[in-house]
Amino acid sequence: MSLKPIQSTSTLRDFTLSVLTEDKAGLINQLTIIFTKRKINISSLNVSNSEVAGVSRFTIVTRTNRNMIDKIVKQIRKLIDVLGAFVYEEDQIFYQEIALYKVPTKAFINGNSVEDLVRNSGARILVVEEECIIIEKTGHSKETHDLYQKLEPFGLLEFIRSGRVAVSKSTRKTEAYIKGLEASNSNKLSIKDF
Amino acid sequence: MNTSTLVSEKKISKKAIRVNGSDALLQCLIAEGVTTIFGYPGGAIMPIYDALFSYKDKLNHILTRHEQGAVHAAQGMARVTGKVGVCFATSGPGATNLITGIADAQIDSTPLVCITGQVPSHLLGTDAFQETDVMGISMPVTKWNYQVTRVEEIPYAIARAFYIANTGRPGPVLIDITKDAQFAEFNFTYDKCEKIRSYHPYPEASLSDLKAAANLINEAKKPYILVGQGVQLSGAENELIRFAEKTGIPMAATLMGLSGISTSHPLYVGYLGMHGNYGPNIKTNECDVLIAIGMRFDDRVTGDLDRYAKQAKVIHIEIDPAEIDKNVKTTVAINSDAKQALLELLPLVNVSTHKGWINEFYKCHEIEFKKVIDADLHPDSGEIKMAEVINRISEETDGEAIVVTDVGQHQMVANRYYKFRKTLSCITSGGLGTMGFALPAAMGAKVGQPNRMVIAIIGDGGFQMTIQELGTIKQSDLAVKILILNNNFLGMVRQWQQLFFEKRYSFTELDNPDFQMITRGYGIKAQKVEKREYLDQAIRDWLNYDGPALLEVVVEKEENVFPMVPSGASVSDIRLD
């Protein structure tokens, strides 16, 4: 097993931010402003209700360096309605994206190659309609992109991919974290304890 | 900062009363201790103004001449009292006119609650008359904002607004209230906000960090304290003096930190930054331990970061965790309120003196005096210099006035030469550099501290950005002393053009109106001085006059402000000429 190379604080790479917020209008705007102000592009953004009622979770993927992401995450934590913001390197999380592919039904009529492709790619057929078939695949963007390239010769009609969803390798429960916040009068918790 | 909000008080069940949203809003403001509102009415805020008519004995509303005037006045009042400033504006242009002041308050950590009217909720998003997305527009420049579309949300929104504005690092909050919510009736009760689970404004420094900081301080040979506005915001003036006197460490102030410590204190060595004092700037690059208290290492203080205090161990006492390691890497970060941190550090630090080190600052002062100050204050002949005017005013007021400055050369000169002796007395637009700030901010300062002398020091350029507020000063009889330092130039830009753009004076010369006639037109006393021999008497007459008065002093047309750390240069490269 080789040692992990130490990455410089200025090396550009992907970071995943997991942000817990109160479920309120305008939060997404408040978050994106922080990126816009620094002219940093968001690669993907996913928002959904978390397992705790009234708490939303944003998963944001962005390409920048460690210095900048540390500053960004502090600015995010500073937002009044943000409960917590955590930044992860690629090796600190498990993550997936979901991709949907719309292929003309006639592509399946000419032999089994598309069906084989779907099966061998770990994808599945979601819906079969008269005109088109929807294929679903979850995976990392490289994998979903590979299947896209393979399906393209069969007259792929549409390809859509979600933002990343990620879970950290930490074992703390979100609910316990929120309870900790409610009990705390300091703001140290959101910085170190998760 | 009000820490008492943390104390959980037993809630007395209050009896609800049936009122409309506008009435409820005003009762919320009274419950929060608001006495004065600066504002400007309009269609979407008319129900609130109608309610205000019945509250004339409880709430003093000051009608400004422009919404920018209202927000700057609220800032001025907040800055001299430490309490939340409040302003009202209508939807659309009323709200957008507030934005400059809100941005100013955000960057300079000033607690504000701005209330804007909004079109009725059923018209939101229809591009209705005077509708603008004030939530979207104000979001990047507020600490928090909230849109009320249902009357029941008013107590919740206002309670949170005041709590958020003036806890932790203070800042502006905007509450946008739709017209239908202002009209609607509901059962009203009010409870102050005491906690928000997602907001934790009372960070506690860890004992290990405090001990690490104290060790650095105790072992330092050339320690140096930088005083930011955080000292005044947290009310840590006395704790700072105790800390500095115990450790014998010299102190310099940032622009926003000025007046937090008396300029007469023997450990006070001067003012930092681009046009700050010589010693305080160059010694930053010679100290061994830098103790920054409640400041954010603005680029106007640091110059080139790659050549800023690289030799020093840096202790940063700062309430806002986002400011720590933002510009300058710290050796020890103390994420805490300044007062709390100093109180906790006091028993951990040793009694010490640093006479030799402090003498180095005095030697620098001698150099600066010979090369800059003497010529600024005691010119043999020629036109009047800005510095001598400020110096005379400083002497005449014993350094006890509240000095509200605008932005530009006069601002730098005023803050270099006014000898502040009282806290919460240096009111200026620091971070945003908003021309037009001083006149309305001085109105607010006068309302907040009616028994103190309030002097607005303004250039001829900035004066014309909010000159209409002379009308407010007259109507509300605000005894503000206005000093116009008139050089018929946008002086700071002209100085840069002279020094860095080959003297190409591109659109910086002003063909000014007759400020005397304008001021008298507003019914305010005005006088003008062009010759040195009349200056002293004019200053005395102006300051002694009972009521608002303007003094215009015609100063040297192409005077430059020195010392100067050119943009992008190191603080070590400060120029004396």
# chains A, B, ... in the order shown; residues from 1 in each chain; ligands from 1
$ closest_atom_pairs --of "chain B" --to "chain A" --cutoff "8 Å" --atoms "only C-alpha atoms" --output "tab-separated table"
residue	atom	partner	partner_atom	distance
B:Gly136	CA	A:Asn29	CA	7.7
B:Met139	CA	A:Gln30	CA	6.6
B:Pro140	CA	A:Ile33	CA	6.6
B:Lys143	CA	A:Ile80	CA	7.4
B:Trp144	CA	A:Ile80	CA	6.5
B:Arg197	CA	A:Glu182	CA	5.0
B:Ser198	CA	A:Leu83	CA	4.5
B:Tyr199	CA	A:Ile80	CA	5.4
B:His200	CA	A:Asn187	CA	4.6
B:Pro201	CA	A:Asn187	CA	6.6
B:Tyr202	CA	A:Ser186	CA	5.1
B:Pro203	CA	A:Ser186	CA	4.5
B:Glu204	CA	A:Ser186	CA	6.0
B:Pro321	CA	A:Lys74	CA	6.9
B:Ala322	CA	A:Lys74	CA	4.9
B:Lys326	CA	A:Lys71	CA	6.6
$ write_last_selection --atoms "N, CA and C atoms" --output "PDB file, in the first residue's frame"
ATOM      1  N   GLY B 136     -33.302  39.726  -3.007  1.00  0.00           N
ATOM      2  CA  GLY B 136     -32.158  39.311  -3.823  1.00  0.00           C
ATOM      3  C   GLY B 136     -31.058  40.350  -3.842  1.00  0.00           C
ATOM      4  N   MET B 139     -29.308  40.639  -0.317  1.00  0.00           N
ATOM      5  CA  MET B 139     -28.728  39.419   0.263  1.00  0.00           C
ATOM      6  C   MET B 139     -27.201  39.444   0.409  1.00  0.00           C
ATOM      7  N   PRO B 140     -26.473  39.900  -0.630  1.00  0.00           N
ATOM      8  CA  PRO B 140     -25.008  39.867  -0.468  1.00  0.00           C
ATOM      9  C   PRO B 140     -24.481  40.898   0.522  1.00  0.00           C
ATOM     10  N   LYS B 143     -26.404  40.935   6.914  1.00  0.00           N
ATOM     11  CA  LYS B 143     -26.088  39.804   7.773  1.00  0.00           C
ATOM     12  C   LYS B 143     -27.239  38.799   7.709  1.00  0.00           C
ATOM     13  N   TRP B 144     -28.436  39.329   7.565  1.00  0.00           N
ATOM     14  CA  TRP B 144     -29.625  38.469   7.446  1.00  0.00           C
ATOM     15  C   TRP B 144     -30.731  39.303   6.805  1.00  0.00           C
ATOM     16  N   ARG B 197     -30.922  28.445  16.783  1.00  0.00           N
ATOM     17  CA  ARG B 197     -30.079  27.243  16.885  1.00  0.00           C
ATOM     18  C   ARG B 197     -28.970  27.214  15.830  1.00  0.00           C
ATOM     19  N   SER B 198     -29.191  27.906  14.702  1.00  0.00           N
ATOM     20  CA  SER B 198     -28.171  27.879  13.649  1.00  0.00           C
ATOM     21  C   SER B 198     -27.180  29.030  13.766  1.00  0.00           C
ATOM     22  N   TYR B 199     -27.298  29.838  14.810  1.00  0.00           N
ATOM     23  CA  TYR B 199     -26.470  31.051  14.939  1.00  0.00           C
ATOM     24  C   TYR B 199     -25.855  31.087  16.328  1.00  0.00           C
ATOM     25  N   HIS B 200     -24.547  31.133  16.378  1.00  0.00           N
ATOM     26  CA  HIS B 200     -23.860  31.030  17.671  1.00  0.00           C
ATOM     27  C   HIS B 200     -22.874  32.181  17.824  1.00  0.00           C
ATOM     28  N   PRO B 201     -23.369  33.313  18.307  1.00  0.00           N
ATOM     29  CA  PRO B 201     -22.542  34.525  18.309  1.00  0.00           C
ATOM     30  C   PRO B 201     -21.578  34.663  19.481  1.00  0.00           C
ATOM     31  N   TYR B 202     -21.529  33.683  20.362  1.00  0.00           N
ATOM     32  CA  TYR B 202     -20.641  33.813  21.528  1.00  0.00           C
ATOM     33  C   TYR B 202     -19.574  32.740  21.544  1.00  0.00           C
ATOM     34  N   PRO B 203     -18.635  32.813  20.626  1.00  0.00           N
ATOM     35  CA  PRO B 203     -17.575  31.799  20.616  1.00  0.00           C
ATOM     36  C   PRO B 203     -16.743  31.901  21.887  1.00  0.00           C
ATOM     37  N   GLU B 204     -16.319  30.761  22.369  1.00  0.00           N
ATOM     38  CA  GLU B 204     -15.505  30.743  23.584  1.00  0.00           C
ATOM     39  C   GLU B 204     -14.081  30.322  23.231  1.00  0.00           C
ATOM     40  N   PRO B 321     -15.190  33.952  12.966  1.00  0.00           N
ATOM     41  CA  PRO B 321     -14.226  32.917  12.562  1.00  0.00           C
ATOM     42  C   PRO B 321     -13.818  33.016  11.096  1.00  0.00           C
ATOM     43  N   ALA B 322     -14.678  33.621  10.267  1.00  0.00           N
ATOM     44  CA  ALA B 322     -14.340  33.730   8.844  1.00  0.00           C
ATOM     45  C   ALA B 322     -13.199  34.722   8.606  1.00  0.00           C
ATOM     46  N   LYS B 326      -7.965  34.560   7.128  1.00  0.00           N
ATOM     47  CA  LYS B 326      -8.457  34.990   5.809  1.00  0.00           C
ATOM     48  C   LYS B 326      -7.347  35.689   5.030  1.00  0.00           C
TER      49      LYS B 326
END
$ residues_around --residues "Ala253 in chain B" --least-positions-apart "3" --cutoff "6 Å" --atoms "only C-alpha atoms" --output "MDAnalysis selection string"
chainID B and resid 226:227 257:258 271:272
$ atom_distance --atom1 "CA of Glu152 in chain B" --atom2 "CA of Glu32 in chain B"
18.0 Å
$ closest_atom_pairs --of "range 168-269 of chain B" --to "range 355-373 of chain B" --cutoff "9 Å" --atoms "only C-alpha atoms" --output "CSV"
residue,atom,partner,partner_atom,distance
B:Lys221,CA,B:Trp357,CA,8.0
B:Lys222,CA,B:Trp357,CA,6.1
B:Pro223,CA,B:Trp357,CA,8.5
B:Gly248,CA,B:Lys355,CA,8.1
B:Ile249,CA,B:Ile358,CA,8.0
B:Pro250,CA,B:Ile358,CA,6.3
B:Leu267,CA,B:Ile358,CA,7.8
B:Val269,CA,B:Phe361,CA,6.6
$ atom_distance --atom1 "CA of Asp306 in chain B" --atom2 "CA of Ser570 in chain B"
8.2 Å
$ residues_around --residues "range 14-21 of chain B" --least-positions-apart "2" --cutoff "10 Å" --atoms "only C-alpha atoms" --output "VMD selection string"
chain B and resid 11 to 12 23 to 27 47 to 48 51 150 to 155 177 to 191
$ decode --residues "range 313-324 of chain B" --atoms "C-alpha atoms" --output "tab-separated table (two decimals), in the first residue's frame"
chain	number	residue	atom	x	y	z
B	313	LYS	CA	4.13	35.38	15.38
B	314	VAL	CA	0.55	36.51	14.96
B	315	ILE	CA	-2.12	36.35	17.65
B	316	HIS	CA	-5.52	37.19	16.20
B	317	ILE	CA	-8.35	37.95	18.63
B	318	GLU	CA	-11.47	38.02	16.48
B	319	ILE	CA	-15.15	37.21	16.99
B	320	ASP	CA	-15.82	36.30	13.37
B	321	PRO	CA	-14.23	32.92	12.56
B	322	ALA	CA	-14.34	33.73	8.84
B	323	GLU	CA	-11.82	36.54	9.42
B	324	ILE	CA	-9.30	34.24	11.07
